[in-house]
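For reference, coords22.txt is printed below; it contains compact mmCIF, C-alpha atoms.
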# COMPACT_ATOMS: atom_id res chain seq x y z
CA MET D 978 18.51 -11.43 -18.34
CA LEU D 979 15.71 -11.59 -20.87
CA ILE D 980 13.80 -8.44 -21.83
CA ASN D 981 10.22 -9.02 -22.95
CA SER D 982 10.22 -6.09 -25.37
CA ASN D 983 6.48 -5.87 -25.97
CA PHE D 984 5.51 -6.43 -22.33
CA GLN D 985 3.56 -3.40 -21.22
CA PRO D 986 3.26 -3.19 -17.45
CA LYS D 987 -0.11 -2.22 -16.03
CA ARG D 988 1.29 -1.36 -12.64
CA GLU D 989 3.89 1.08 -11.39
CA LYS D 990 7.11 0.04 -9.74
CA ASN D 991 6.49 0.43 -6.02
CA ASP D 992 9.35 0.51 -3.53
CA ARG D 993 7.02 -0.72 -0.84
CA LEU D 994 6.78 -4.06 -2.67
CA PRO D 995 9.50 -6.67 -2.18
CA PRO D 996 10.92 -8.10 -5.44
CA GLY D 997 8.49 -10.20 -7.45
CA GLN D 998 5.45 -9.15 -5.41
CA TYR D 999 2.31 -7.34 -6.57
CA GLU D 1000 -0.25 -5.48 -4.51
CA THR D 1001 -3.69 -6.93 -3.88
CA ARG D 1002 -6.65 -5.37 -2.10
CA ASP D 1003 -8.21 -8.80 -1.47
CA PHE D 1004 -7.13 -11.15 1.25
CA PRO D 1005 -6.33 -14.46 -0.50
CA VAL D 1006 -6.23 -17.71 1.47
CA LEU D 1007 -3.47 -20.33 1.34
CA SER D 1008 -3.82 -23.47 3.44
CA LEU D 1009 -2.58 -27.02 3.14
CA GLY D 1010 -6.01 -28.62 3.65
CA PRO D 1011 -9.48 -28.06 5.06
CA THR D 1012 -10.01 -25.12 7.42
CA PRO D 1013 -10.17 -26.51 10.97
CA ASP D 1014 -13.11 -25.49 13.14
CA VAL D 1015 -11.43 -24.01 16.22
CA LYS D 1016 -13.82 -22.64 18.85
CA LYS D 1017 -12.46 -19.91 21.06
CA GLU D 1018 -14.34 -21.40 24.03
CA SER D 1019 -12.16 -24.52 23.84
CA TRP D 1020 -9.04 -22.85 22.40
CA ASN D 1021 -5.79 -23.05 24.40
CA LEU D 1022 -2.29 -21.79 23.82
CA ARG D 1023 0.45 -23.97 25.29
CA VAL D 1024 3.94 -22.51 25.57
CA PHE D 1025 6.55 -25.14 26.34
CA GLY D 1026 10.07 -26.38 25.65
CA LEU D 1027 13.04 -24.45 27.00
CA VAL D 1028 11.07 -22.38 29.50
CA GLU D 1029 11.31 -22.29 33.28
CA SER D 1030 7.79 -23.63 33.64
CA GLU D 1031 5.45 -24.23 30.76
CA LYS D 1032 2.19 -22.38 30.64
CA THR D 1033 -1.22 -22.82 29.00
CA TRP D 1034 -3.67 -19.96 28.49
CA ASN D 1035 -7.32 -20.32 27.67
CA TRP D 1036 -9.13 -17.65 25.63
CA GLU D 1037 -10.23 -15.65 28.66
CA ASP D 1038 -6.83 -15.61 30.37
CA PHE D 1039 -5.00 -14.93 27.13
CA ASN D 1040 -7.11 -11.87 26.52
CA LYS D 1041 -6.04 -10.43 29.88
CA LEU D 1042 -2.49 -10.09 28.56
CA PRO D 1043 -1.55 -6.61 27.32
CA LYS D 1044 -2.65 -6.12 23.72
CA ILE D 1045 -1.66 -3.60 21.09
CA ASP D 1046 -2.90 -2.56 17.66
CA TRP D 1047 -0.50 -3.19 14.81
CA GLN D 1048 -0.65 -2.00 11.20
CA LYS D 1049 1.69 -3.88 8.87
CA ASP D 1050 2.23 -4.83 5.23
CA ILE D 1051 2.08 -8.57 4.63
CA HIS D 1052 3.78 -10.53 1.86
CA CYS D 1053 2.71 -13.98 0.69
CA VAL D 1054 5.20 -16.24 -1.08
CA THR D 1055 2.58 -16.77 -3.82
CA LYS D 1056 3.40 -13.15 -4.87
CA TRP D 1057 0.63 -11.03 -3.37
CA SER D 1058 1.29 -8.30 -0.84
CA LYS D 1059 -1.32 -6.43 1.12
CA PHE D 1060 -0.59 -3.03 2.61
CA ASP D 1061 -1.65 -1.62 5.97
CA THR D 1062 -3.37 -4.68 7.38
CA ARG D 1063 -4.68 -3.91 10.88
CA TRP D 1064 -4.28 -6.44 13.65
CA SER D 1065 -4.58 -6.52 17.39
CA GLY D 1066 -3.06 -9.01 19.79
CA VAL D 1067 -0.31 -9.85 22.24
CA MET D 1068 3.31 -9.30 21.25
CA LEU D 1069 5.63 -12.30 21.65
CA ASP D 1070 7.72 -10.04 23.91
CA GLU D 1071 4.90 -10.23 26.47
CA ILE D 1072 4.76 -14.03 26.20
CA MET D 1073 8.50 -14.06 26.98
CA ASN D 1074 8.20 -11.53 29.81
CA PRO D 1075 7.44 -13.09 33.24
CA PRO D 1076 6.42 -9.79 34.93
CA ALA D 1077 3.76 -9.34 32.23
CA GLY D 1078 2.48 -12.86 32.93
CA GLY D 1079 4.65 -14.60 30.34
CA VAL D 1080 7.12 -17.47 30.63
CA LYS D 1081 10.84 -17.29 31.36
CA VAL D 1082 12.65 -18.53 28.27
CA SER D 1083 16.02 -20.25 28.73
CA ASP D 1084 19.09 -18.47 27.34
CA THR D 1085 19.85 -21.66 25.43
CA ALA D 1086 16.71 -21.34 23.24
CA THR D 1087 17.61 -20.44 19.65
CA HIS D 1088 14.32 -21.03 17.80
CA LEU D 1089 10.58 -20.97 18.23
CA ILE D 1090 8.40 -23.66 16.68
CA ALA D 1091 4.75 -22.74 16.13
CA TYR D 1092 2.11 -25.48 16.02
CA SER D 1093 -1.31 -25.16 14.41
CA HIS D 1094 -4.55 -27.07 14.88
CA ASP D 1095 -4.34 -28.63 11.41
CA GLY D 1096 -0.95 -30.21 12.08
CA TYR D 1097 0.99 -27.37 10.46
CA THR D 1098 4.29 -26.22 11.97
CA THR D 1099 6.75 -23.45 11.20
CA ASN D 1100 10.14 -22.43 12.61
CA LEU D 1101 11.49 -19.01 13.53
CA PRO D 1102 14.85 -17.86 14.88
CA ILE D 1103 14.30 -16.36 18.32
CA GLU D 1104 15.67 -12.97 17.27
CA ASP D 1105 12.85 -12.75 14.71
CA ILE D 1106 10.13 -12.88 17.34
CA ARG D 1107 11.77 -10.45 19.80
CA ASP D 1108 11.72 -6.66 20.10
CA GLY D 1109 8.34 -5.97 18.56
CA LYS D 1110 8.70 -8.21 15.54
CA ALA D 1111 5.96 -10.80 16.18
CA MET D 1112 2.42 -10.86 17.52
CA ILE D 1113 -0.16 -13.42 18.52
CA ALA D 1114 -3.16 -11.86 16.84
CA VAL D 1115 -6.75 -12.18 18.04
CA SER D 1116 -8.33 -9.58 15.79
CA TYR D 1117 -8.11 -8.45 12.16
CA ASP D 1118 -9.50 -5.18 10.84
CA GLY D 1119 -11.48 -4.54 14.01
CA ALA D 1120 -13.22 -7.92 14.15
CA GLU D 1121 -12.50 -11.50 15.17
CA ILE D 1122 -10.19 -13.28 12.74
CA GLU D 1123 -12.22 -15.36 10.30
CA ALA D 1124 -11.62 -19.12 10.37
CA GLU D 1125 -10.18 -19.22 6.84
CA HIS D 1126 -7.65 -16.57 7.85
CA GLY D 1127 -6.55 -18.52 10.93
CA GLY D 1128 -9.05 -17.52 13.58
CA PRO D 1129 -9.53 -17.40 16.42
CA VAL D 1130 -5.81 -16.91 16.99
CA ARG D 1131 -2.89 -16.74 14.58
CA LEU D 1132 0.74 -15.84 14.67
CA LEU D 1133 1.85 -12.69 12.85
CA VAL D 1134 5.47 -12.23 11.78
CA PRO D 1135 5.04 -9.67 9.00
CA HIS D 1136 8.71 -9.12 8.15
CA LEU D 1137 8.90 -12.69 6.81
CA TYR D 1138 6.77 -14.36 4.12
CA PHE D 1139 3.29 -14.94 5.44
CA TRP D 1140 3.55 -18.74 5.75
CA LYS D 1141 5.63 -18.06 8.89
CA SER D 1142 2.53 -16.44 10.41
CA ALA D 1143 0.95 -19.75 11.43
CA LYS D 1144 -2.85 -19.90 11.41
CA TRP D 1145 -5.02 -21.63 14.07
CA LEU D 1146 -2.20 -21.33 16.58
CA LYS D 1147 -2.28 -23.84 19.40
CA ALA D 1148 1.26 -24.14 20.80
CA LEU D 1149 4.68 -22.53 20.83
CA GLU D 1150 7.83 -24.49 21.62
CA PHE D 1151 11.19 -22.95 22.44
CA VAL D 1152 14.04 -25.16 21.25
CA THR D 1153 17.79 -25.21 20.78
CA GLY D 1154 18.73 -25.86 17.18
CA ASP D 1155 16.54 -25.39 14.16
CA LYS D 1156 13.59 -27.61 13.28
CA PRO D 1157 12.26 -26.81 9.78
CA GLY D 1158 8.46 -26.91 9.64
CA PHE D 1159 5.79 -27.89 7.12
CA TRP D 1160 6.65 -25.71 4.12
CA GLU D 1161 10.32 -25.48 5.08
CA THR D 1162 10.58 -29.23 4.43
CA ARG D 1163 8.46 -29.04 1.26
CA GLY D 1164 10.56 -26.89 -1.02
CA TYR D 1165 10.22 -23.49 0.63
CA HIS D 1166 12.99 -21.38 2.11
CA ASN D 1167 13.98 -21.97 5.72
CA TYR D 1168 14.04 -18.28 6.66
CA GLY D 1169 11.81 -16.49 4.12
CA ASP D 1170 12.87 -12.84 3.93
CA PRO D 1171 10.67 -11.23 1.22
CA TRP D 1172 13.20 -8.43 0.61
CA GLN D 1173 15.85 -11.00 -0.29
CA GLU D 1174 13.22 -12.97 -2.22
CA GLU D 1175 13.92 -16.09 -0.18
CA ARG D 1176 10.95 -18.03 -1.52
CA TYR D 1177 12.21 -21.51 -2.20
CA SER D 1178 14.79 -23.89 -0.81
CA PHE D 1179 17.03 -23.20 -3.83
CA ASP D 1180 17.05 -19.42 -3.20
CA MET Q 492 17.27 -8.03 -7.74
CA SER Q 493 16.37 -11.57 -8.69
CA GLU Q 494 19.19 -12.21 -11.17
CA ASN Q 495 21.07 -15.47 -10.71
CA LYS Q 496 18.19 -16.94 -8.79
CA ASN Q 497 17.93 -19.99 -10.99
CA TRP Q 498 15.85 -18.44 -13.74
CA GLN Q 499 16.12 -20.13 -17.12
CA ILE Q 500 14.88 -19.08 -20.52
CA ALA Q 501 11.97 -21.10 -21.91
CA THR Q 502 10.90 -20.96 -25.54
CA LEU Q 503 7.27 -21.26 -26.56
CA VAL Q 504 6.67 -24.13 -28.97
CA LYS Q 505 2.89 -24.45 -28.85
CA SER Q 506 -0.04 -22.21 -27.95
CA GLU Q 507 -3.64 -23.42 -28.21
CA LEU Q 508 -6.93 -23.13 -26.38
CA ALA Q 509 -7.69 -25.64 -23.62
CA SER Q 510 -11.06 -23.92 -23.15
CA VAL Q 511 -12.52 -20.55 -24.03
CA ASN Q 512 -10.50 -18.79 -21.31
CA VAL Q 513 -7.52 -21.07 -20.69
CA LYS Q 514 -4.60 -21.57 -23.05
CA LYS Q 515 -2.23 -24.51 -23.17
CA LEU Q 516 1.24 -23.05 -23.50
CA VAL Q 517 4.04 -25.52 -24.13
CA PHE Q 518 7.60 -24.32 -23.54
CA LYS Q 519 10.85 -25.97 -24.47
CA ILE Q 520 13.15 -26.02 -21.46
CA ASN Q 521 16.57 -27.34 -20.65
CA PRO Q 522 15.91 -30.33 -18.38
CA SER Q 523 19.40 -30.11 -16.88
CA THR Q 524 18.69 -26.70 -15.35
CA VAL Q 525 15.40 -27.71 -13.76
CA LEU Q 526 15.56 -27.36 -9.98
CA GLY Q 527 14.99 -30.84 -8.63
CA ALA Q 528 12.69 -33.73 -9.42
CA SER Q 529 9.30 -32.95 -10.91
CA LYS Q 530 6.08 -34.18 -9.32
CA ALA Q 531 2.53 -34.00 -10.60
CA GLY Q 532 0.69 -30.98 -9.18
CA GLN Q 533 3.55 -28.50 -9.00
CA HIS Q 534 3.93 -25.03 -10.44
CA TYR Q 535 6.60 -22.80 -11.95
CA ASP Q 536 7.19 -19.10 -11.57
CA ILE Q 537 7.13 -17.10 -14.80
CA LYS Q 538 8.88 -13.73 -14.96
CA LEU Q 539 8.41 -10.89 -17.43
CA THR Q 540 10.83 -7.97 -17.62
CA ALA Q 541 9.74 -4.78 -19.38
CA PRO Q 542 12.25 -2.64 -21.30
CA ASN Q 543 12.19 -0.12 -18.41
CA GLY Q 544 13.31 -2.83 -15.99
CA TYR Q 545 9.92 -3.39 -14.38
CA VAL Q 546 9.45 -7.03 -13.41
CA ALA Q 547 6.26 -9.05 -12.95
CA GLU Q 548 6.23 -12.61 -11.61
CA ARG Q 549 3.35 -15.06 -11.34
CA SER Q 550 2.99 -18.75 -10.58
CA TYR Q 551 1.40 -21.14 -13.08
CA SER Q 552 0.43 -24.76 -12.55
CA VAL Q 553 1.93 -27.42 -14.75
CA ALA Q 554 -0.40 -29.59 -16.83
CA SER Q 555 2.23 -31.89 -18.31
CA PRO Q 556 3.24 -35.05 -16.42
CA PRO Q 557 6.59 -35.20 -14.57
CA GLU Q 558 7.75 -37.82 -17.10
CA GLN Q 559 7.83 -35.08 -19.75
CA THR Q 560 11.09 -33.26 -19.04
CA ASP Q 561 12.13 -31.33 -22.13
CA GLU Q 562 8.82 -29.59 -22.74
CA ILE Q 563 6.57 -28.23 -20.07
CA GLU Q 564 2.91 -27.34 -20.47
CA PHE Q 565 1.10 -24.66 -18.48
CA GLY Q 566 -2.61 -23.91 -18.41
CA VAL Q 567 -2.95 -20.13 -18.34
CA GLN Q 568 -6.29 -18.45 -17.68
CA LEU Q 569 -6.75 -15.08 -19.34
CA PHE Q 570 -7.51 -12.15 -17.06
CA GLU Q 571 -8.32 -9.29 -19.44
CA ASN Q 572 -7.14 -6.67 -16.99
CA GLY Q 573 -4.31 -8.82 -15.71
CA GLU Q 574 -0.71 -7.95 -16.22
CA VAL Q 575 0.94 -11.25 -17.12
CA SER Q 576 -1.72 -13.51 -18.67
CA PRO Q 577 -2.54 -11.18 -21.64
CA TYR Q 578 1.16 -11.14 -22.49
CA LEU Q 579 1.44 -14.94 -22.29
CA TRP Q 580 -1.68 -15.31 -24.47
CA GLN Q 581 -0.26 -13.17 -27.29
CA MET Q 582 3.13 -14.92 -27.34
CA LYS Q 583 3.98 -16.60 -30.63
CA PRO Q 584 5.19 -20.19 -30.72
CA ALA Q 585 8.03 -21.43 -32.87
CA THR Q 586 7.27 -21.93 -36.55
CA ALA Q 587 9.33 -23.51 -39.32
CA GLY Q 588 11.41 -20.44 -40.01
CA LYS Q 589 11.27 -18.65 -36.69
CA SER Q 590 12.03 -19.55 -33.09
CA GLY Q 591 9.33 -18.99 -30.51
CA ASP Q 592 8.88 -16.13 -28.05
CA GLN Q 593 10.63 -16.52 -24.73
CA VAL Q 594 10.04 -15.97 -21.03
CA GLU Q 595 12.08 -16.66 -17.92
CA ILE Q 596 10.87 -19.46 -15.66
CA ARG Q 597 12.02 -21.29 -12.57
CA GLY Q 598 10.81 -24.40 -10.83
CA PRO Q 599 9.35 -26.89 -10.29
CA ILE Q 600 7.95 -25.63 -7.02
CA GLY Q 601 5.80 -27.22 -4.36
CA GLY Q 602 6.08 -30.34 -2.24
CA HIS Q 603 2.60 -30.71 -0.75
CA PHE Q 604 -0.07 -30.51 -3.45
CA THR Q 605 1.62 -33.32 -5.37
CA TRP Q 606 0.61 -36.84 -6.26
CA CYS Q 607 2.76 -39.82 -7.19
CA HIS Q 608 1.56 -43.18 -8.52
CA THR Q 609 3.43 -44.89 -5.67
CA MET Q 610 0.88 -43.44 -3.23
CA PRO Q 611 -1.82 -45.92 -2.21
CA GLY Q 612 -5.57 -45.72 -2.61
CA PRO Q 613 -8.00 -44.29 -5.13
CA LEU Q 614 -7.37 -40.79 -6.45
CA VAL Q 615 -10.08 -38.16 -6.09
CA LEU Q 616 -9.59 -34.88 -7.93
CA ILE Q 617 -11.93 -31.96 -7.42
CA GLY Q 618 -11.41 -28.81 -9.45
CA GLY Q 619 -13.03 -25.46 -10.03
CA GLY Q 620 -12.34 -23.76 -13.37
CA SER Q 621 -8.64 -23.40 -14.11
CA GLY Q 622 -7.98 -25.20 -10.81
CA VAL Q 623 -8.23 -28.33 -12.96
CA VAL Q 624 -4.80 -27.65 -14.52
CA PRO Q 625 -2.59 -29.30 -11.83
CA LEU Q 626 -5.09 -32.18 -11.66
CA ILE Q 627 -4.47 -32.80 -15.40
CA SER Q 628 -0.81 -33.34 -14.57
CA MET Q 629 -1.82 -35.97 -11.99
CA ILE Q 630 -4.15 -37.72 -14.46
CA ARG Q 631 -1.43 -37.78 -17.13
CA HIS Q 632 1.08 -39.08 -14.57
CA TRP Q 633 -1.35 -41.88 -13.73
CA GLN Q 634 -1.76 -42.68 -17.44
CA LYS Q 635 2.01 -43.07 -17.74
CA ASN Q 636 2.01 -45.51 -14.82
CA LEU Q 637 -1.33 -47.22 -15.35
CA ASP Q 638 -2.61 -49.35 -12.51
CA ASP Q 639 -6.08 -50.55 -11.58
CA ARG Q 640 -6.91 -47.86 -9.05
CA LYS Q 641 -10.01 -45.71 -9.45
CA VAL Q 642 -9.42 -42.12 -10.49
CA ILE Q 643 -12.31 -39.67 -10.27
CA LEU Q 644 -12.29 -36.10 -11.57
CA LEU Q 645 -15.21 -33.96 -10.42
CA ALA Q 646 -14.97 -30.47 -11.83
CA SER Q 647 -17.07 -27.34 -11.89
CA PHE Q 648 -17.11 -24.93 -14.84
CA ARG Q 649 -19.15 -21.88 -15.79
CA SER Q 650 -20.37 -23.40 -19.05
CA LEU Q 651 -19.55 -26.13 -21.56
CA GLU Q 652 -17.09 -23.91 -23.42
CA HIS Q 653 -15.22 -23.35 -20.15
CA VAL Q 654 -14.50 -27.07 -19.70
CA LEU Q 655 -10.73 -27.56 -19.76
CA TYR Q 656 -9.11 -30.37 -21.73
CA ARG Q 657 -12.57 -31.69 -22.51
CA ALA Q 658 -11.67 -33.86 -25.51
CA GLU Q 659 -8.73 -35.46 -23.72
CA LEU Q 660 -10.74 -36.18 -20.57
CA GLU Q 661 -13.73 -37.60 -22.43
CA LYS Q 662 -11.49 -39.80 -24.55
CA LEU Q 663 -9.75 -41.15 -21.46
CA GLU Q 664 -13.08 -41.86 -19.81
CA SER Q 665 -14.31 -43.80 -22.83
CA GLU Q 666 -11.11 -45.85 -22.97
CA ASN Q 667 -10.48 -46.57 -19.31
CA GLN Q 668 -13.25 -47.81 -17.05
CA ASN Q 669 -11.25 -46.89 -13.94
CA PHE Q 670 -11.43 -43.21 -14.85
CA LYS Q 671 -14.58 -41.23 -14.19
CA PHE Q 672 -15.06 -37.61 -15.27
CA THR Q 673 -18.03 -35.68 -13.93
CA LYS Q 674 -18.44 -32.08 -14.96
CA VAL Q 675 -20.85 -29.65 -13.39
CA LEU Q 676 -21.80 -26.61 -15.48
CA THR Q 677 -22.96 -23.86 -13.18
CA ASN Q 678 -24.80 -21.95 -15.94
CA HIS Q 679 -27.53 -24.58 -15.95
CA GLU Q 680 -27.18 -26.80 -12.92
CA ALA Q 681 -26.69 -26.50 -9.18
CA ARG Q 682 -23.23 -26.04 -7.75
CA ILE Q 683 -21.55 -29.11 -6.27
CA ASP Q 684 -22.91 -29.81 -2.81
CA SER Q 685 -22.57 -32.52 -0.19
CA GLU Q 686 -25.16 -34.72 -1.89
CA LYS Q 687 -23.42 -34.44 -5.26
CA LEU Q 688 -20.06 -35.34 -3.70
CA LYS Q 689 -21.61 -38.39 -2.07
CA ASN Q 690 -23.24 -39.51 -5.32
CA VAL Q 691 -20.17 -39.02 -7.50
CA LEU Q 692 -17.55 -40.33 -5.10
CA GLY Q 693 -19.73 -43.13 -3.71
CA GLU Q 694 -17.90 -46.03 -2.13
CA VAL Q 695 -14.49 -44.61 -3.07
CA LEU Q 696 -14.85 -42.22 -0.11
CA ALA Q 697 -14.67 -45.17 2.28
CA LYS Q 698 -11.49 -46.54 0.67
CA MET Q 699 -8.96 -44.02 2.02
CA PRO Q 700 -8.61 -42.04 -1.21
CA MET Q 701 -6.05 -39.30 -1.68
CA ILE Q 702 -8.11 -36.17 -2.32
CA TYR Q 703 -6.85 -33.07 -4.16
CA ILE Q 704 -8.98 -29.94 -4.35
CA CYS Q 705 -7.94 -26.93 -6.41
CA GLY Q 706 -9.84 -23.81 -7.39
CA PRO Q 707 -11.03 -20.46 -6.12
CA THR Q 708 -10.95 -20.06 -2.33
CA LYS Q 709 -14.74 -20.22 -1.89
CA PHE Q 710 -14.93 -23.40 -3.96
CA VAL Q 711 -12.10 -25.11 -2.07
CA GLU Q 712 -13.51 -24.07 1.31
CA ALA Q 713 -16.95 -25.42 0.39
CA MET Q 714 -15.68 -28.73 -1.05
CA SER Q 715 -13.28 -29.48 1.79
CA ASN Q 716 -15.89 -28.60 4.44
CA TYR Q 717 -18.47 -30.89 2.80
CA LEU Q 718 -15.97 -33.74 2.71
CA VAL Q 719 -14.96 -33.30 6.35
CA THR Q 720 -18.66 -33.21 7.30
CA LEU Q 721 -19.18 -36.44 5.34
CA GLY Q 722 -16.59 -38.02 7.61
CA THR Q 723 -13.45 -37.78 5.47
CA ASN Q 724 -10.18 -37.63 7.40
CA PRO Q 725 -8.87 -34.04 6.88
CA HIS Q 726 -5.35 -35.41 6.50
CA LEU Q 727 -6.34 -37.16 3.27
CA ILE Q 728 -7.39 -33.83 1.73
CA LYS Q 729 -4.81 -31.60 0.06
CA THR Q 730 -5.88 -28.19 -1.13
CA GLU Q 731 -4.63 -25.41 -3.32
CA ARG Q 732 -6.58 -22.16 -3.33
CA PHE Q 733 -6.49 -19.38 -5.88
CA GLY Q 734 -6.95 -15.86 -4.52

Could you quickly redo this structure as structure tokens?
Amino acid sequence: MLINSNFQPKREKNDRLPPGQYETRDFPVLSLGPTPDVKKESWNLRVFGLVESEKTWNWEDFNKLPKIDWQKDIHCVTKWSKFDTRWSGVMLDEIMNPPAGGVKVSDTATHLIAYSHDGYTTNLPIEDIRDGKAMIAVSYDGAEIEAEHGGPVRLLVPHLYFWKSAKWLKALEFVTGDKPGFWETRGYHNYGDPWQEERYSFD
Amino acid sequence: MSENKNWQIATLVKSELASVNVKKLVFKINPSTVLGASKAGQHYDIKLTAPNGYVAERSYSVASPPEQTDEIEFGVQLFENGEVSPYLWQMKPATAGKSGDQVEIRGPIGGHFTWCHTMPGPLVLIGGGSGVVPLISMIRHWQKNLDDRKVILLASFRSLEHVLYRAELEKLESENQNFKFTKVLTNHEARIDSEKLKNVLGEVLAKMPMIYICGPTKFVEAMSNYLVTLGTNPHLIKTERFG
């Protein structure tokens, strides 16, 4: 390891930050292309794949599902982290819970693939979206989610790097076997645990 | 924590201004420990470790072309209150009697905001400030594989002294009629708008160009929205936003 002897840090070491991250108070934007214009009036969420019967919610019906407020730290692979971001939305547990109005997911499903309006996709092991680990967010910091941050509806999986939290969410597919998504096939890590610094495919 | 994660030591061999607030830093690297094939438009991570063990990492875009494998050039903007860029700016390059200062780097990284001369169509590059750096790598890659496609660089800077790689770009424009460089200086002219894009890009827009936009978020949002409104297929537009 190289020591940069005259490097004088301007920040303190912070155990709340995963390795290689720094704290920002801003909310930077990372997207692969132009921000799509998704109107909530015409927005749908389709949930399909290994489910008993697929289901599509429009904005009004989706907002009848039970929602919670969630305050989490988020970590972007480009090195910024933002503490205590406040979201509200529907937990994936509800989407997978028929009595709550969700779908019945087959026991054979191992992964969830999220699809965005701009053609983006990302993959998640099913255990990473269960038990209070993932939300479909409809609000950020008490207001509607801005388009550049993925509004009207985005996925939120804060324990993984933020690219897993797909913006402009339009569909969720339950599958057997992994299906690496947009960044996962373009040099980024397949799983993306910030605490293990799983940034790139060579990590 | 991040030991043995493919970091390699890079030695500074050249440090000079690319503009008043961006420095060209050229590092000697060992090409055999680079992680995969290089493409124009990528970045590397640079890591600094303080004597007390504190670590800071940042990503920096590459300005050199992928053909250049033993030395790699970054364009580093100085943020006075930043943590990493002031350190990189004060690093001393190798001189006759003394080897250069060192940092740890790893890369190249990124498989989306990249351009290769085997891709079809004209090349449209739109940059804001230091967002021009990865576009320089694309221009240099094109120069190494010259063909008769049109390449347009439209870039926005605060003032003339903020124009990056100005001499190199103006020389290329004077020597190659397929290359067009339009700079917009926001201290005395209007910011780039839809009309400006239409005028500068002209008929190239109708010829399925590959379009790369890099700069601050507001700039990239504005440029990509104008282009989509002008009828450009969003899938032809690749973006990279700075925070």

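Atom pair CA of Lys674 in chain Q / CA of Phe648 in chain Q: separated by 7.3 Å.
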
Determine which residues of chain Q sit within 6 Å of chain D, taking into account all atoms listed in the file, and present them as an mmCIF file with C-alpha atoms, in the frame of the given file.
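Saved as result_36.cif:
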data_model
loop_
_atom_site.group_PDB
_atom_site.id
_atom_site.type_symbol
_atom_site.label_atom_id
_atom_site.label_comp_id
_atom_site.auth_asym_id
_atom_site.auth_seq_id
_atom_site.Cartn_x
_atom_site.Cartn_y
_atom_site.Cartn_z
ATOM 1 C CA THR Q 540 10.830 -7.970 -17.620
ATOM 2 C CA ALA Q 541 9.740 -4.780 -19.380
ATOM 3 C CA PRO Q 542 12.250 -2.640 -21.300
ATOM 4 C CA GLU Q 548 6.230 -12.610 -11.610
ATOM 5 C CA GLU Q 574 -0.710 -7.950 -16.220
ATOM 6 C CA GLY Q 601 5.800 -27.220 -4.360
ATOM 7 C CA GLY Q 602 6.080 -30.340 -2.240
ATOM 8 C CA SER Q 715 -13.280 -29.480 1.790
ATOM 9 C CA ILE Q 728 -7.390 -33.830 1.730
ATOM 10 C CA LYS Q 729 -4.810 -31.600 0.060
ATOM 11 C CA THR Q 730 -5.880 -28.190 -1.130
ATOM 12 C CA ARG Q 732 -6.580 -22.160 -3.330
ATOM 13 C CA GLY Q 734 -6.950 -15.860 -4.520
#

Between D:Pro1076, D:Lys1049, D:Leu1069, D:Leu1089, which is the closest to Arg1107 in chain D once you count all atoms listed in the file?
-> D:Leu1069

What are the centre and the three edge lengths of an axis-aligned box that wraps all atoms of range 717-724 of chain Q in the file, given that 6 Å is added to every side, written as AutoDock Vina command-line options and rounded to one decimal in Å?
--center_x -14.7 --center_y -34.5 --center_z 5.2 --size_x 21.0 --size_y 19.1 --size_z 16.9

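Ranking D:Val1067, D:Leu1132, D:Val1054, D:Leu1149 by their shortest atom-to-atom distance to Tyr1168 in chain D, with all atoms listed in the file included, puts D:Val1054 first.
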
For Arg1002 in chain D, list every protein, DNA or RNA residue within 9 Å, evaluated using all atoms listed in the file, and leave out those in the same chain fewer than 3 positions away; present the list as an MDAnalysis selection string.
-> chainID D and resid 1058:1060

The residue from D:Tyr1092, D:Asp1070, D:Asn1100, D:Asp1050 with the smallest atom-to-atom distance to His1136 in chain D, counting only C-alpha atoms, is D:Asp1050

May I have the residues within 12 Å of Ser621 in chain Q as number ranges by chain, using all atoms listed in the file and disregarding those fewer than 4 positions away in the same chain?
-> Q: 509-515, 551-554, 565-570, 617, 625-627, 646-649, 653-656, 704-707, 710, 731-733
